[in-house]
Each structure stands twice: as C-alpha cells, then as structure tokens.
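Quick notes on the structure that follows.
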Amino acid sequence: MNKWITKNGIQIDQILSGRSNAFLVSFDHKYILIDTGTQDSWYRLKKRLNSVIPENSSLAALILTHVHFDHCENSSRIKDDYGANIIVHESEALLLSSGKNSFCQGALPVTRRFFNLINGRKLFSLVRCTPCAYDAIVTEEYQLNDLGFNAYILHTPGHTIGSMSMIVDNEIAIVGDAMFGVFPNSVFPPWADDTTMLTKSWKKLLDTGCALFLPGHGTSNSRDLVQRQYTKYGEKVS
C-alpha cells in the first residue's frame, strides 16, 4: 500500500486502488476512512483496514467525497462493522440515505457523446446502493480537530454538486473525483456535472497550500501539475 506522512505525523495509507481509491488517515490511534470503493471490494477493504487498525478499535469517521456507487457502496457495512460516523455534503445526504446515485455527466466531448448514447440520465437514475444513514453534513468547511486531526473538509463541487476533499495538515489533499490521476499530464476527470465549478474547485484546493493531491482514481498529482492544469483551463471550460 502507498503511504504518506505529514510533517506533524499524520499518516495516510492507500487502502484500496484499482477501480477506485480509498484512504485511511491515522494519528495518535485515531482513524478516518475516506471513501469505501465498490461492493465487490468489501473483503479486500476490510482485510486491509484490519491490518492497520488495532483489534477492537473503531473508525472515528467515514468521509464520503461524493455519493457515487464506486465511492460509497460499502458505507453501511463500514458503519455497522467499525462504528464510523458518516460525513457527507448536505446536497447529497438524502441520496445516501435513500441509496440513490449522485448525478454526473460527460466532461469532455467524447464522454458527453457517450453519455447521450447510453441514455446516461436514465442510467444514473437506475443505479442503487444500500441506503445508509448519515451522522454529519458539510456545507462549505468542516473542521476535524474535535476528532483529533489537524485537518478539515472542504466543499469542492464540480464532479458532483456535493463533492468534497479532506485537507490534511495543509500538505496533502484527498480530493475524490475533483481530479483524476489516470491520464498523463492531466488531472481532468472524464465525468463532471459542472466543469466551470470543477476548475474553480482546483483553485480552492491550490489555495490550501497543499503540495500533493490524492484522487479517487489513479495516482497522486503534484501541485505543479494541478497549477498548470488550472492555468490551462481556468474558468474557460464549459
């Protein structure tokens, strides 16, 4: 598993990779999980969590970067098995509790055409997850100091209206699908509900001062790459 440690000793372990990434943030025997992957990854997720978290320990929280099935499908299991409080953006809280999938469409010409070809709106309406009760909602920022972390959640919409990122020690941002780490020299996701809002979120993330950005798919993005992408796209993308 990939691992990062901030200057103050907060550790980030990449618990899942492949179809979707999930990250475990730990400090002073406290743990926060970011996203859960798909239902098919449950046993792999649980095995890796148990290899890091001591027996009989719980998760302080599960933060959902957004309510898409490939990021939240194991939420109810995490809540039941690890006692995690579920934190989600207010605009997607009811989707989580009803088991519905947050809307998203093609962000690039080719993915927009594909979205229309497969009748994407209908497809999104058919996707269902196990309903999961949430415990806390985020509006713009949500401090995590009370959980023992020098970290906070930042609303970074664009991929979906309720997309969020976790800012750790103002060094590392766990950004969900606000960025991708799949395509060479690009952080642009193939799917986004509002690309103008998305690029504004890149600016918000750059303004945190973070040097590294961990996306929900692919590998980490450097600050230099994100800055170059923001300079390229700015608010011109529609």
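Ligands are numbered from 1 in the order shown, chains are lettered A, B, ... in the order of the structure tokens, and residues start at 1 in each chain.
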Residues flagged strand (DSSP E) by DSSP in chain A, as an MDAnalysis selection string: chainID A and resid 3:5 11:16 22:27 30:34 61:63 85:89 136:138 141:143 151:155 164:168 172:176 212:215 221:222
Non-local contacts of Leu205 of chain A (9 Å; only C-alpha atoms; under 3 positions in same chain excluded) as a PyMOL selection string: chain A and resi 154+156+165+167+173+175+200-202+208-210+213
Output the selection as a compact mmCIF listing (two decimals), in the first residue's frame - N, CA and C atoms for each residue.
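Output saved as part.txt:
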```txt
# COMPACT_ATOMS: atom_id res chain seq x y z
N LEU A 154 -13.34 20.30 2.84
CA LEU A 154 -13.61 21.46 2.01
C LEU A 154 -14.56 21.06 0.88
N THR A 156 -15.73 20.94 -2.60
CA THR A 156 -15.04 21.12 -3.89
C THR A 156 -15.93 20.59 -5.01
N SER A 165 -13.39 17.42 -0.38
CA SER A 165 -12.00 16.99 -0.23
C SER A 165 -11.59 17.12 1.24
N ILE A 167 -8.49 18.08 3.66
CA ILE A 167 -7.20 18.78 3.67
C ILE A 167 -6.46 18.39 4.93
N ALA A 173 -4.01 16.85 0.11
CA ALA A 173 -5.45 16.90 -0.08
C ALA A 173 -5.93 15.59 -0.68
N VAL A 175 -8.86 14.20 -2.64
CA VAL A 175 -9.78 15.03 -3.42
C VAL A 175 -10.91 14.29 -4.13
N LYS A 200 -12.95 25.87 -10.67
CA LYS A 200 -12.92 26.76 -9.51
C LYS A 200 -12.52 26.00 -8.26
N SER A 201 -12.93 24.75 -8.18
CA SER A 201 -12.54 23.92 -7.04
C SER A 201 -11.05 23.62 -7.06
N TRP A 202 -10.46 23.49 -8.25
CA TRP A 202 -9.00 23.34 -8.31
C TRP A 202 -8.32 24.54 -7.68
N THR A 208 -5.23 26.09 -0.59
CA THR A 208 -4.96 25.46 0.71
C THR A 208 -3.46 25.37 0.99
N GLY A 209 -2.64 25.48 -0.05
CA GLY A 209 -1.20 25.34 0.11
C GLY A 209 -0.70 23.92 0.00
N CYS A 210 -1.60 22.97 -0.23
CA CYS A 210 -1.19 21.56 -0.32
C CYS A 210 -0.22 21.35 -1.47
N PHE A 213 -1.90 15.94 -4.12
CA PHE A 213 -3.34 15.74 -4.24
C PHE A 213 -3.60 14.27 -4.59
```
Residues near Leu96 of chain A, cut-off 10 Å, only C-alpha atoms, skip fewer than 3 positions along chain, as number ranges by chain: A: 64, 66-69, 72-73, 75-76, 86, 88-89, 92-93, 99-102, 128-134
Length of the atom CA of Gly162 of chain A to atom CA of Glu140 of chain A vector [Å]: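 Computed distance, atom CA of Gly162 of chain A to atom CA of Glu140 of chain A, equals 9.8 Å.
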Residues of segment 60-183 of chain A in alpha helix (DSSP H), written as a PyMOL selection string: chain A and resi 69-72+75-82+93-98+109-117+120-126
Those same residues - N, CA and C atoms - I'd like them written as a compact mmCIF listing (two decimals), in the first residue's frame.
```
# COMPACT_ATOMS: atom_id res chain seq x y z
N PHE A 69 -21.63 5.26 -6.53
CA PHE A 69 -21.56 3.89 -6.03
C PHE A 69 -20.13 3.40 -5.85
N ASP A 70 -19.20 3.84 -6.73
CA ASP A 70 -17.84 3.33 -6.63
C ASP A 70 -17.05 3.98 -5.50
N HIS A 71 -17.66 4.92 -4.80
CA HIS A 71 -17.02 5.56 -3.65
C HIS A 71 -17.76 5.29 -2.34
N CYS A 72 -19.02 4.89 -2.41
CA CYS A 72 -19.81 4.81 -1.16
C CYS A 72 -20.55 3.49 -0.98
N SER A 75 -20.67 1.83 2.50
CA SER A 75 -20.85 2.74 3.64
C SER A 75 -21.60 2.09 4.80
N SER A 76 -22.69 1.42 4.51
CA SER A 76 -23.49 0.83 5.59
C SER A 76 -22.70 -0.26 6.32
N ARG A 77 -21.88 -1.00 5.59
CA ARG A 77 -21.06 -2.04 6.22
C ARG A 77 -20.00 -1.41 7.12
N ILE A 78 -19.38 -0.34 6.67
CA ILE A 78 -18.38 0.36 7.48
C ILE A 78 -19.03 0.90 8.75
N LYS A 79 -20.21 1.45 8.61
CA LYS A 79 -20.93 1.98 9.78
C LYS A 79 -21.23 0.86 10.78
N ASP A 80 -21.69 -0.28 10.27
CA ASP A 80 -22.08 -1.39 11.14
C ASP A 80 -20.87 -2.06 11.78
N ASP A 81 -19.82 -2.30 11.00
CA ASP A 81 -18.68 -3.09 11.48
C ASP A 81 -17.66 -2.27 12.27
N TYR A 82 -17.55 -0.97 11.98
CA TYR A 82 -16.50 -0.16 12.61
C TYR A 82 -17.03 1.03 13.40
N ALA A 93 -26.77 14.23 1.04
CA ALA A 93 -27.11 13.44 2.23
C ALA A 93 -28.34 12.57 2.00
N LEU A 94 -29.37 13.13 1.38
CA LEU A 94 -30.60 12.37 1.16
C LEU A 94 -30.40 11.28 0.11
N LEU A 95 -29.48 11.51 -0.83
CA LEU A 95 -29.16 10.46 -1.79
C LEU A 95 -28.56 9.26 -1.08
N LEU A 96 -27.65 9.53 -0.14
CA LEU A 96 -27.02 8.45 0.61
C LEU A 96 -28.06 7.68 1.43
N SER A 97 -28.93 8.40 2.11
CA SER A 97 -29.90 7.74 2.99
C SER A 97 -30.97 6.99 2.20
N SER A 98 -31.14 7.33 0.93
CA SER A 98 -32.12 6.62 0.10
C SER A 98 -31.49 5.61 -0.84
N PRO A 109 -15.81 16.16 -24.78
CA PRO A 109 -16.66 15.86 -25.94
C PRO A 109 -16.94 14.39 -26.13
N VAL A 110 -15.93 13.54 -25.98
CA VAL A 110 -16.14 12.12 -26.22
C VAL A 110 -17.02 11.50 -25.13
N THR A 111 -16.84 11.91 -23.87
CA THR A 111 -17.65 11.34 -22.81
C THR A 111 -19.07 11.92 -22.82
N ARG A 112 -19.23 13.15 -23.29
CA ARG A 112 -20.58 13.69 -23.44
C ARG A 112 -21.36 12.93 -24.50
N ARG A 113 -20.70 12.61 -25.61
CA ARG A 113 -21.36 11.83 -26.66
C ARG A 113 -21.72 10.45 -26.15
N PHE A 114 -20.80 9.83 -25.42
CA PHE A 114 -21.05 8.51 -24.86
C PHE A 114 -22.21 8.56 -23.87
N PHE A 115 -22.24 9.60 -23.04
CA PHE A 115 -23.30 9.77 -22.05
C PHE A 115 -24.67 9.83 -22.73
N ASN A 116 -24.74 10.59 -23.82
CA ASN A 116 -26.01 10.70 -24.55
C ASN A 116 -26.37 9.39 -25.24
N LEU A 117 -25.36 8.69 -25.77
CA LEU A 117 -25.59 7.45 -26.48
C LEU A 117 -26.19 6.38 -25.58
N GLY A 120 -27.50 8.35 -20.45
CA GLY A 120 -26.89 8.43 -19.13
C GLY A 120 -27.80 8.88 -18.02
N ARG A 121 -28.72 9.79 -18.31
CA ARG A 121 -29.63 10.26 -17.26
C ARG A 121 -30.46 9.11 -16.70
N LYS A 122 -30.95 8.26 -17.58
CA LYS A 122 -31.73 7.11 -17.13
C LYS A 122 -30.85 6.13 -16.36
N LEU A 123 -29.62 5.93 -16.85
CA LEU A 123 -28.71 5.01 -16.19
C LEU A 123 -28.41 5.45 -14.77
N PHE A 124 -28.14 6.74 -14.57
CA PHE A 124 -27.86 7.25 -13.22
C PHE A 124 -29.07 7.05 -12.30
N SER A 125 -30.26 7.19 -12.86
CA SER A 125 -31.46 7.04 -12.03
C SER A 125 -31.68 5.59 -11.61
N LEU A 126 -31.09 4.64 -12.33
CA LEU A 126 -31.28 3.22 -12.03
C LEU A 126 -30.26 2.68 -11.03
```
Computed interatomic separation between atom CA of Ser186 of chain A and atom CA of Lys7 of chain A (Å):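 If I compute the distance from atom CA of Ser186 of chain A to atom CA of Lys7 of chain A, I get 27.4 Å.
When atom CA of Gln11 of chain A is paired with atom CA of Thr160 of chain A, their separation reads 27.5 Å.
Here the question is which of A:Thr195, A:Asn50, A:Asn56, A:Thr6 gets nearest to Asn150 of chain A using only C-alpha atoms, and that residue is A:Thr6.
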Polymer residues at most 6 Å from Ser20 of chain A, only C-alpha atoms, same-chain spacing of 2 or more positions, as a list in words: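 Result of the neighbour search: Ser17, Gly18, Gly37, Gly216 and His217 of chain A.
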Using only C-alpha atoms: which of A:Phe149, A:Phe188, A:Trp4, A:Tyr43 has the shortest distance to Lys30 of chain A: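 When distances to Lys30 of chain A are compared using only C-alpha atoms, the smallest one comes from A:Phe149.
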